[in-house]
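Here the structure comes first, spelled out in structure tokens, and everything after it is commentary.
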Amino acid sequence: MSKTDETLTAATPTASAADLQDERLLRDQGLGGAAKAFVRRVRGGDIGSLPVVVGLIVIWAVFQALSPDFLSPGNLVNLALQCAAVGTIAIGIVLVLLLGEIDLSVGSVSGLAAAILGQGLTTLGWPLWLVLVVALAVGAAAGLLYGLLFTRFGVPSFVITLAGLLGFLGLQLLILGPNGSINLPYTDPIVQFASASYLPPWLAYLLAAIAAGGLFVTEVRRAARRRKAGLSTGAMSLTITKSVLLFVGLAVMVWYLSRDFGTGTSFVFFVVLVVLMNFLLKRTRWGRSVYAVGGNVEAARRSGIRVNRIYISVFVLTSLFATVGGILAAARLNSASLSSGAGDTNLNAIAAAVIGGTSLFGGRGSAWSALLGIIVIQSISNGLTLLSLDSSIRYMITGAVLLLAVIIDSLSRRSRASHGAA
């Protein structure tokens with residue numbers, strides 16, 4: 001074992017007796033053991049994404065009862081497209097929250113990216129690839145600046161990113177010019193990608209099969225590694241069942257959306273980013289270091305993890321995701337304006353991460369939080385729009401859901417502490 005692996009192992013808590021019992025249940029009793037292990041984890045405070053999944057089911061049931069068009073194929077296609085831009089920004093918020101920090105400037109950074117996209121494609125006549133490179137470079141520079149200020153001078157992330165919110169908003173206004181609005185060419189590839197591009201059904205079904213196969217291969221390889229290390233492994237029947245259920249669920253979703261325009265390419269792109277970031281967080285040394293730093297920064301530092309590098313890399317990634325989200329939002333709306341990245345962009349991105357299950361206290365959460373959380377938020381917004389209710393109602397409901405998510409997170413931490421698994 002390398003020195004890095006040893007330090008990461010030292011920063012990782014030892015498995016509790018409950019965890020070991022869960023492993024024995026999974027190994028000895030298959031599907032029944034998995035159910036019992038799940039119940040044990042929930043009772044111990046490890047509720048994962050259960051509250052948001054239950055909440056999403058309730059939200060969809062209520063809106064469908066009030067408006068029969070809510071779960072129609074056309075509305076769900078539109079809902080998926082609405083999730084892509086802010087959901088991408090929320091991925092970055094998940095990362096910074098895992099460290100127990102915050103970035104309040106993601107809205108301004110996304111608006112700045114939209115302004116660069118608008119000016120680059122129209123006034124300056126740059127090719128699309130150059131515009132994207134410049135926008136991403138500016139986003140990375142913003143994140144690098146945050147990281148250096150945080151690690152070198154110890155300025156709280158709240159203050160740094162609040163200053164960034166104001167500064168990049170001013171830069172956005174400067175780039176947009178006196179008109180304050182730039183219409184993007186509808187025929188431009190990035191506009192078509194974000195607003196009018198859909199996967200053909202055969203490709204969507206193929207991606208569903210690849211996702212199910214990827215889950216199966218990942219679980220089998222994980223079991224092989226655990227078996228080689230002398231650890232218990234789950235039953236093969238459980239792995240097969242999860243893979244089959246995933247494929248069936250995705251196939252049904254593809255079939256249903258195909259009754260309208262189909263699966264939006266920008267939404268698939270967002271999901272791919274979630275999967276990629278989840279892999280980096282769960283399967284790499286860097287990802288384990290992020291969790292270690294978020295769980296206990298001093299313990300991570302004493303165990304040899306280069307904490308400053310972790311902070312800088314996360315701030316850079318957060319700004320990059322904000323940049324990509326801003327580009328997607330401008331392309332979908334076919335314009336870059338003063339409202340790009342403004343309004344409730346920050347609110348929705350942060351709320352999506354928290355509602356999706358990422359802890360405000362650091363060290364707990366996953367990239368899937370961004371996907372689940374943004375679906376909840378956009379479902380509320382979409383449903384209230386169908387009911388022709390005022391946006392004030394949406395803000396109040398979203399705030400109540402956010403508060404409930406934080407309360408659940410606090411209660412979950414207290415329950416884990418009482419069971420010795422904090």
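Residue names in the structure tokens use chain letters A, B, ... in the order shown, residue numbers from 1 in each chain, and ligand numbers from 1 in the order shown.
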Note to self: Applying 6 Å and only C-alpha atoms, which residues near region 370-383 of chain A remain after dropping the ones on its own chain fewer than 3 positions away? List them as a PyMOL selection string.
What the structure shows: chain A and resi 56+63+87+90-91+352-353+355-356+367+386
How about saving the chosen residues, C-alpha atoms kept, as a PDB file, in the first residue's frame?
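Resulting contents of out-v2.pdb:
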```
ATOM      1  CA  LEU A  56     -40.317  13.842  -4.978  1.00  0.00           C
ATOM      2  CA  PHE A  63     -49.244  18.153  -8.828  1.00  0.00           C
ATOM      3  CA  GLY A  87     -28.365  21.303 -12.161  1.00  0.00           C
ATOM      4  CA  ALA A  90     -25.480  22.525  -8.438  1.00  0.00           C
ATOM      5  CA  ILE A  91     -22.818  19.858  -9.037  1.00  0.00           C
ATOM      6  CA  ALA A 352     -30.738  21.749  -5.003  1.00  0.00           C
ATOM      7  CA  ALA A 353     -27.513  20.490  -3.429  1.00  0.00           C
ATOM      8  CA  ILE A 355     -32.350  19.280  -0.708  1.00  0.00           C
ATOM      9  CA  GLY A 356     -30.691  16.468  -2.663  1.00  0.00           C
ATOM     10  CA  ALA A 367     -22.962  14.119  -6.940  1.00  0.00           C
ATOM     11  CA  LEU A 386     -49.105  24.869 -14.645  1.00  0.00           C
TER      12      LEU A 386
END
```
Next item on the list: Write out as a VMD selection string all residues of region 119-203 of chain A that backbone DSSP assigns to alpha helix (DSSP H).
Entry: chain A and resid 119 to 121 128 to 153 157 to 176 189 to 195 201 to 203
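Proximity to Leu162 (chain A) was assessed for A:Leu231, A:Ala137, A:Ile102, A:Leu81 counting only C-alpha atoms; the smallest distance is recorded for A:Ile102.
If you measure from each of A:Ala223, A:Val106, A:Val254, A:Ile393 to Leu76 (chain A) using only C-alpha atoms, the closest one turns out to be A:Val254.
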Margin query: Please list as an NGL selection string every residue within 8 Å of Ile116 (chain A), counting only C-alpha atoms and excluding residues in the same chain fewer than 2 positions away.
Written below: :A and (112-114 or 118-120 or 131 or 134-135 or 175)
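From CA of Thr284 (chain A) back to CA of Leu360 (chain A), the distance works out to 22.7 Å.
For Arg222 (chain A), the residues within 9 Å (counting only C-alpha atoms, excluding itself and residues fewer than 5 positions away along the chain) are Val217, Arg227 and Thr233 of chain A.
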Print the selection's residues with N, CA, C and O atoms to a file, as an mmCIF file, in the first residue's frame.
```
data_model
loop_
_atom_site.group_PDB
_atom_site.id
_atom_site.type_symbol
_atom_site.label_atom_id
_atom_site.label_comp_id
_atom_site.auth_asym_id
_atom_site.auth_seq_id
_atom_site.Cartn_x
_atom_site.Cartn_y
_atom_site.Cartn_z
ATOM 1 N N VAL A 217 -20.961 -4.271 -13.930
ATOM 2 C CA VAL A 217 -19.508 -4.481 -13.961
ATOM 3 C C VAL A 217 -18.848 -3.847 -12.740
ATOM 4 O O VAL A 217 -17.954 -4.433 -12.117
ATOM 5 N N ARG A 227 -13.274 -9.412 -2.051
ATOM 6 C CA ARG A 227 -12.991 -10.830 -1.827
ATOM 7 C C ARG A 227 -11.484 -11.057 -1.749
ATOM 8 O O ARG A 227 -10.993 -11.828 -0.920
ATOM 9 N N THR A 233 -18.671 -9.905 0.774
ATOM 10 C CA THR A 233 -19.253 -9.329 -0.436
ATOM 11 C C THR A 233 -20.757 -9.583 -0.456
ATOM 12 O O THR A 233 -21.245 -10.533 0.172
#
```
Next item on the list: Calculate how many Å separate CA of Gly365 (chain A) from CA of Leu276 (chain A), rounding to one decimal.
Entry: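 Straight-line distance from CA of Gly365 (chain A) to CA of Leu276 (chain A) works out to 15.1 Å.
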Next item on the list: Provide the CA of Ala209 (chain A) to CA of Gly287 (chain A) distance in Å, to one decimal place.
Entry: 26.7 Å
Compile a residue-level contact table for region 181-286 of chain A against region 301-316 of chain A at a cut-off of 12 Å, reporting for every qualifying residue the shortest atom pair and its distance in Å to one decimal, with only C-alpha atoms counted, rows ordered by chain and ascending number, as CSV.
```
residue,atom,partner,partner_atom,distance
A:Met277,CA,A:Val314,CA,11.5
A:Leu280,CA,A:Val314,CA,12.0
A:Leu281,CA,A:Val314,CA,11.2
A:Arg285,CA,A:Ile305,CA,10.0
A:Trp286,CA,A:Ile310,CA,7.5
```
Checklist line | Who sits within 10 Å of Leu174 (chain A), only C-alpha atoms, same chain under 5 positions skipped, as a PyMOL selection string | finding: chain A and resi 112+115+168-169+180
Can you spit out the residues from that selection as a short mmCIF file (atom, residue, chain, number, x, y, z; two decimals), in the first residue's frame, using C-alpha atoms?
```cif
data_model
loop_
_atom_site.label_atom_id
_atom_site.label_comp_id
_atom_site.auth_asym_id
_atom_site.auth_seq_id
_atom_site.Cartn_x
_atom_site.Cartn_y
_atom_site.Cartn_z
CA LEU A 112 -20.35 36.17 -16.91
CA ALA A 115 -21.99 37.33 -21.54
CA PHE A 168 -18.17 39.27 -11.59
CA LEU A 169 -21.64 40.78 -11.83
CA GLY A 180 -27.63 44.76 -21.72
#
```
Pick out the residues sitting within 12 Å of Ser108 (chain A), and hand them over as a compact mmCIF listing (two decimals) with all heavy atoms, in the first residue's frame; count only C-alpha atoms, and ignore anything fewer than 2 positions along from it in its own chain.
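The resulting file, part_33.txt, is shown below:
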```txt
# COMPACT_ATOMS: atom_id res chain seq x y z
N ILE A 89 -24.74 23.66 -12.41
CA ILE A 89 -24.18 24.55 -11.40
C ILE A 89 -24.23 23.90 -10.02
O ILE A 89 -23.30 24.03 -9.21
CB ILE A 89 -24.93 25.89 -11.38
CG1 ILE A 89 -24.83 26.58 -12.74
CG2 ILE A 89 -24.40 26.81 -10.29
CD1 ILE A 89 -25.65 27.85 -12.86
N ASP A 103 -20.04 28.69 -1.93
CA ASP A 103 -19.71 29.60 -3.03
C ASP A 103 -20.98 30.36 -3.40
O ASP A 103 -21.91 29.78 -3.98
CB ASP A 103 -19.17 28.82 -4.24
CG ASP A 103 -18.63 29.74 -5.32
OD1 ASP A 103 -18.99 30.93 -5.33
OD2 ASP A 103 -17.83 29.27 -6.16
N LEU A 104 -21.01 31.63 -3.07
CA LEU A 104 -22.18 32.46 -3.33
C LEU A 104 -22.14 33.14 -4.69
O LEU A 104 -23.07 33.85 -5.06
CB LEU A 104 -22.30 33.55 -2.25
CG LEU A 104 -22.48 33.05 -0.81
CD1 LEU A 104 -22.51 34.25 0.15
CD2 LEU A 104 -23.75 32.24 -0.67
N SER A 105 -21.06 32.92 -5.45
CA SER A 105 -20.87 33.67 -6.70
C SER A 105 -21.20 32.85 -7.94
O SER A 105 -20.96 33.32 -9.05
CB SER A 105 -19.43 34.17 -6.79
OG SER A 105 -18.54 33.07 -7.01
N VAL A 106 -21.72 31.62 -7.76
CA VAL A 106 -21.93 30.77 -8.94
C VAL A 106 -22.90 31.42 -9.93
O VAL A 106 -22.78 31.25 -11.15
CB VAL A 106 -22.44 29.38 -8.52
CG1 VAL A 106 -21.33 28.58 -7.86
CG2 VAL A 106 -23.66 29.47 -7.60
N SER A 110 -21.81 32.25 -13.73
CA SER A 110 -22.58 31.72 -14.86
C SER A 110 -23.07 32.84 -15.76
O SER A 110 -23.09 32.70 -16.99
CB SER A 110 -23.77 30.90 -14.34
OG SER A 110 -24.74 31.72 -13.70
N GLY A 111 -23.47 33.98 -15.17
CA GLY A 111 -23.88 35.12 -15.97
C GLY A 111 -22.73 35.69 -16.78
O GLY A 111 -22.91 36.10 -17.94
N LEU A 112 -21.54 35.71 -16.19
CA LEU A 112 -20.35 36.17 -16.91
C LEU A 112 -20.05 35.26 -18.10
O LEU A 112 -19.72 35.74 -19.19
CB LEU A 112 -19.16 36.22 -15.96
CG LEU A 112 -17.80 36.58 -16.56
CD1 LEU A 112 -17.85 37.97 -17.20
CD2 LEU A 112 -16.71 36.50 -15.50
N ALA A 113 -20.19 33.95 -17.89
CA ALA A 113 -19.98 33.00 -18.99
C ALA A 113 -20.98 33.23 -20.11
O ALA A 113 -20.63 33.15 -21.30
CB ALA A 113 -20.09 31.57 -18.46
N ALA A 114 -22.23 33.53 -19.75
CA ALA A 114 -23.25 33.81 -20.76
C ALA A 114 -22.89 35.07 -21.55
O ALA A 114 -23.07 35.11 -22.78
CB ALA A 114 -24.61 33.97 -20.09
N ALA A 115 -22.38 36.10 -20.86
CA ALA A 115 -21.99 37.33 -21.54
C ALA A 115 -20.83 37.09 -22.50
O ALA A 115 -20.82 37.61 -23.63
CB ALA A 115 -21.61 38.40 -20.51
N GLY A 139 -13.65 31.05 -15.97
CA GLY A 139 -14.24 30.36 -14.83
C GLY A 139 -13.19 29.70 -13.96
O GLY A 139 -13.24 29.78 -12.72
N ALA A 142 -11.36 32.25 -11.93
CA ALA A 142 -12.14 32.71 -10.78
C ALA A 142 -12.02 31.73 -9.62
O ALA A 142 -11.80 32.12 -8.47
CB ALA A 142 -13.61 32.88 -11.18
N THR A 161 -16.45 34.70 -1.83
CA THR A 161 -17.39 34.49 -2.93
C THR A 161 -18.48 35.56 -2.97
O THR A 161 -19.04 35.82 -4.03
CB THR A 161 -18.03 33.09 -2.82
OG1 THR A 161 -18.68 32.94 -1.54
CG2 THR A 161 -16.98 32.01 -2.96
N LEU A 162 -18.76 36.19 -1.83
CA LEU A 162 -19.69 37.32 -1.84
C LEU A 162 -19.06 38.49 -2.61
O LEU A 162 -19.74 39.16 -3.40
CB LEU A 162 -20.03 37.75 -0.42
CG LEU A 162 -21.01 38.92 -0.27
CD1 LEU A 162 -22.35 38.57 -0.93
CD2 LEU A 162 -21.21 39.27 1.20
N ALA A 163 -17.76 38.72 -2.39
CA ALA A 163 -17.05 39.74 -3.16
C ALA A 163 -17.02 39.36 -4.64
O ALA A 163 -17.18 40.21 -5.52
CB ALA A 163 -15.63 39.91 -2.62
N GLY A 164 -16.83 38.06 -4.90
CA GLY A 164 -16.84 37.60 -6.28
C GLY A 164 -18.18 37.78 -6.94
O GLY A 164 -18.27 38.11 -8.13
N LEU A 165 -19.25 37.58 -6.18
CA LEU A 165 -20.60 37.79 -6.71
C LEU A 165 -20.75 39.21 -7.25
O LEU A 165 -21.26 39.42 -8.36
CB LEU A 165 -21.63 37.53 -5.60
CG LEU A 165 -23.12 37.65 -5.92
CD1 LEU A 165 -23.93 36.76 -4.98
CD2 LEU A 165 -23.62 39.08 -5.80
N LEU A 166 -20.29 40.19 -6.47
CA LEU A 166 -20.41 41.58 -6.89
C LEU A 166 -19.44 41.92 -8.02
O LEU A 166 -19.81 42.57 -9.00
CB LEU A 166 -20.15 42.50 -5.68
CG LEU A 166 -21.11 42.34 -4.50
CD1 LEU A 166 -20.64 43.18 -3.32
CD2 LEU A 166 -22.52 42.73 -4.90
N GLY A 167 -18.21 41.44 -7.90
CA GLY A 167 -17.20 41.76 -8.90
C GLY A 167 -17.51 41.18 -10.27
O GLY A 167 -17.43 41.88 -11.29
N PHE A 168 -17.89 39.90 -10.30
CA PHE A 168 -18.17 39.27 -11.59
C PHE A 168 -19.49 39.74 -12.18
O PHE A 168 -19.67 39.73 -13.40
CB PHE A 168 -18.15 37.75 -11.44
CG PHE A 168 -16.78 37.20 -11.18
CD1 PHE A 168 -16.51 36.44 -10.05
CD2 PHE A 168 -15.74 37.47 -12.05
CE1 PHE A 168 -15.24 35.96 -9.81
CE2 PHE A 168 -14.46 36.99 -11.82
CZ PHE A 168 -14.22 36.24 -10.68
N LEU A 169 -20.41 40.18 -11.33
CA LEU A 169 -21.64 40.78 -11.83
C LEU A 169 -21.31 42.09 -12.57
O LEU A 169 -21.84 42.36 -13.66
CB LEU A 169 -22.60 41.06 -10.68
CG LEU A 169 -23.91 41.79 -11.05
CD1 LEU A 169 -24.69 41.01 -12.10
CD2 LEU A 169 -24.76 42.03 -9.81
N GLY A 170 -20.41 42.88 -11.98
CA GLY A 170 -19.99 44.11 -12.65
C GLY A 170 -19.29 43.83 -13.96
O GLY A 170 -19.52 44.52 -14.97
N LEU A 171 -18.45 42.78 -13.99
CA LEU A 171 -17.76 42.42 -15.23
C LEU A 171 -18.74 41.94 -16.28
O LEU A 171 -18.58 42.23 -17.48
CB LEU A 171 -16.72 41.33 -14.92
CG LEU A 171 -15.77 40.94 -16.07
CD1 LEU A 171 -15.03 42.16 -16.59
CD2 LEU A 171 -14.80 39.87 -15.59
N GLN A 172 -19.77 41.23 -15.85
CA GLN A 172 -20.80 40.79 -16.78
C GLN A 172 -21.51 41.99 -17.42
O GLN A 172 -21.71 42.02 -18.65
CB GLN A 172 -21.83 39.93 -16.04
CG GLN A 172 -23.04 39.53 -16.88
CD GLN A 172 -24.14 38.89 -16.05
OE1 GLN A 172 -23.95 38.60 -14.86
NE2 GLN A 172 -25.28 38.66 -16.66
N LEU A 173 -21.85 42.99 -16.61
CA LEU A 173 -22.51 44.18 -17.13
C LEU A 173 -21.60 44.93 -18.11
O LEU A 173 -22.06 45.46 -19.13
CB LEU A 173 -22.92 45.11 -15.98
CG LEU A 173 -23.88 44.53 -14.94
CD1 LEU A 173 -24.18 45.56 -13.86
CD2 LEU A 173 -25.18 44.07 -15.60
N SER A 319 -16.36 26.69 -9.92
CA SER A 319 -16.50 27.78 -10.88
C SER A 319 -16.63 27.26 -12.31
O SER A 319 -17.35 27.85 -13.13
CB SER A 319 -15.30 28.74 -10.78
OG SER A 319 -15.30 29.41 -9.54
N ALA A 322 -20.15 26.20 -12.77
CA ALA A 322 -20.98 27.40 -12.92
C ALA A 322 -20.86 27.97 -14.32
O ALA A 322 -21.86 28.42 -14.91
CB ALA A 322 -20.56 28.45 -11.88
N THR A 323 -19.66 27.93 -14.88
CA THR A 323 -19.45 28.41 -16.26
C THR A 323 -20.23 27.58 -17.26
O THR A 323 -20.92 28.12 -18.13
CB THR A 323 -17.95 28.38 -16.60
OG1 THR A 323 -17.23 29.20 -15.68
CG2 THR A 323 -17.71 28.87 -18.01
N GLY A 325 -22.83 25.69 -16.68
CA GLY A 325 -24.25 25.92 -16.46
C GLY A 325 -24.71 27.24 -17.06
O GLY A 325 -25.81 27.31 -17.64
N GLY A 326 -23.90 28.28 -16.96
CA GLY A 326 -24.25 29.56 -17.54
C GLY A 326 -24.33 29.50 -19.06
O GLY A 326 -25.22 30.11 -19.68
N SER A 337 -28.19 38.14 -21.20
CA SER A 337 -28.71 39.45 -20.79
C SER A 337 -28.35 39.73 -19.34
O SER A 337 -27.64 38.95 -18.70
CB SER A 337 -30.23 39.48 -20.97
OG SER A 337 -30.84 38.55 -20.09
N LEU A 338 -28.88 40.85 -18.85
CA LEU A 338 -28.64 41.23 -17.46
C LEU A 338 -29.22 40.21 -16.49
O LEU A 338 -28.76 40.08 -15.35
CB LEU A 338 -29.25 42.61 -17.18
CG LEU A 338 -28.70 43.78 -18.01
CD1 LEU A 338 -29.46 45.05 -17.66
CD2 LEU A 338 -27.21 43.96 -17.75
N SER A 339 -30.23 39.48 -16.92
CA SER A 339 -30.88 38.50 -16.05
C SER A 339 -30.15 37.16 -16.03
O SER A 339 -30.49 36.29 -15.23
CB SER A 339 -32.32 38.28 -16.48
OG SER A 339 -32.38 37.77 -17.81
N SER A 340 -29.15 36.98 -16.90
CA SER A 340 -28.40 35.72 -16.93
C SER A 340 -27.64 35.52 -15.62
O SER A 340 -26.83 36.36 -15.23
CB SER A 340 -27.41 35.72 -18.11
OG SER A 340 -28.09 35.81 -19.34
N GLY A 341 -27.91 34.44 -14.93
CA GLY A 341 -27.25 34.15 -13.66
C GLY A 341 -27.80 34.93 -12.49
O GLY A 341 -27.35 34.74 -11.36
N ALA A 342 -28.76 35.80 -12.74
CA ALA A 342 -29.32 36.61 -11.66
C ALA A 342 -30.55 35.94 -11.07
O ALA A 342 -30.80 34.76 -11.31
CB ALA A 342 -29.66 38.01 -12.19
N GLY A 343 -31.32 36.71 -10.31
CA GLY A 343 -32.56 36.17 -9.74
C GLY A 343 -32.29 35.04 -8.77
O GLY A 343 -31.49 35.17 -7.83
N ASP A 344 -32.94 33.91 -9.02
CA ASP A 344 -32.86 32.79 -8.08
C ASP A 344 -31.87 31.71 -8.50
O ASP A 344 -31.97 30.58 -8.05
CB ASP A 344 -34.25 32.19 -7.89
CG ASP A 344 -34.88 31.77 -9.22
OD1 ASP A 344 -34.21 31.93 -10.26
OD2 ASP A 344 -36.03 31.31 -9.21
N THR A 345 -30.90 32.05 -9.37
CA THR A 345 -29.93 31.04 -9.80
C THR A 345 -29.13 30.51 -8.62
O THR A 345 -28.97 29.30 -8.44
CB THR A 345 -28.98 31.63 -10.87
OG1 THR A 345 -29.73 32.06 -12.00
CG2 THR A 345 -27.97 30.57 -11.32
N ASN A 346 -28.57 31.44 -7.82
CA ASN A 346 -27.83 31.01 -6.62
C ASN A 346 -28.71 30.20 -5.69
O ASN A 346 -28.30 29.15 -5.17
CB ASN A 346 -27.29 32.24 -5.88
CG ASN A 346 -25.94 32.68 -6.39
OD1 ASN A 346 -25.27 31.95 -7.11
ND2 ASN A 346 -25.54 33.89 -6.05
```
Next item on the list: Might you pull out every residue within 8 Å of region 192-201 of chain A, with only C-alpha atoms counted and same-chain residues fewer than 3 positions away left off, and present them as an MDAnalysis selection string?
Entry: chainID A and resid 81 186:189 204:205 254:255 258 261:266 328:329 331:333
Check: Between A:Leu117, A:Leu124, A:Val159, A:Ala211, which one has atoms that come closest to Ser335 (chain A), using only C-alpha atoms?
Finding: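 Counting only C-alpha atoms, the residue closest to Ser335 (chain A) is A:Leu117.
Of the residues under consideration (A:Leu245, A:Leu203, A:Leu257, A:Leu145), A:Leu257 shows the shortest atom-to-atom contact distance to Leu79 (chain A) when counting only C-alpha atoms.
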Item checked: Given only C-alpha atoms as the counted atoms, nearest of A:Ser410, A:Val271, A:Glu101, A:Gly147 to Val297 (chain A) ->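 For Val297 (chain A), the nearest of the given residues is A:Glu101.
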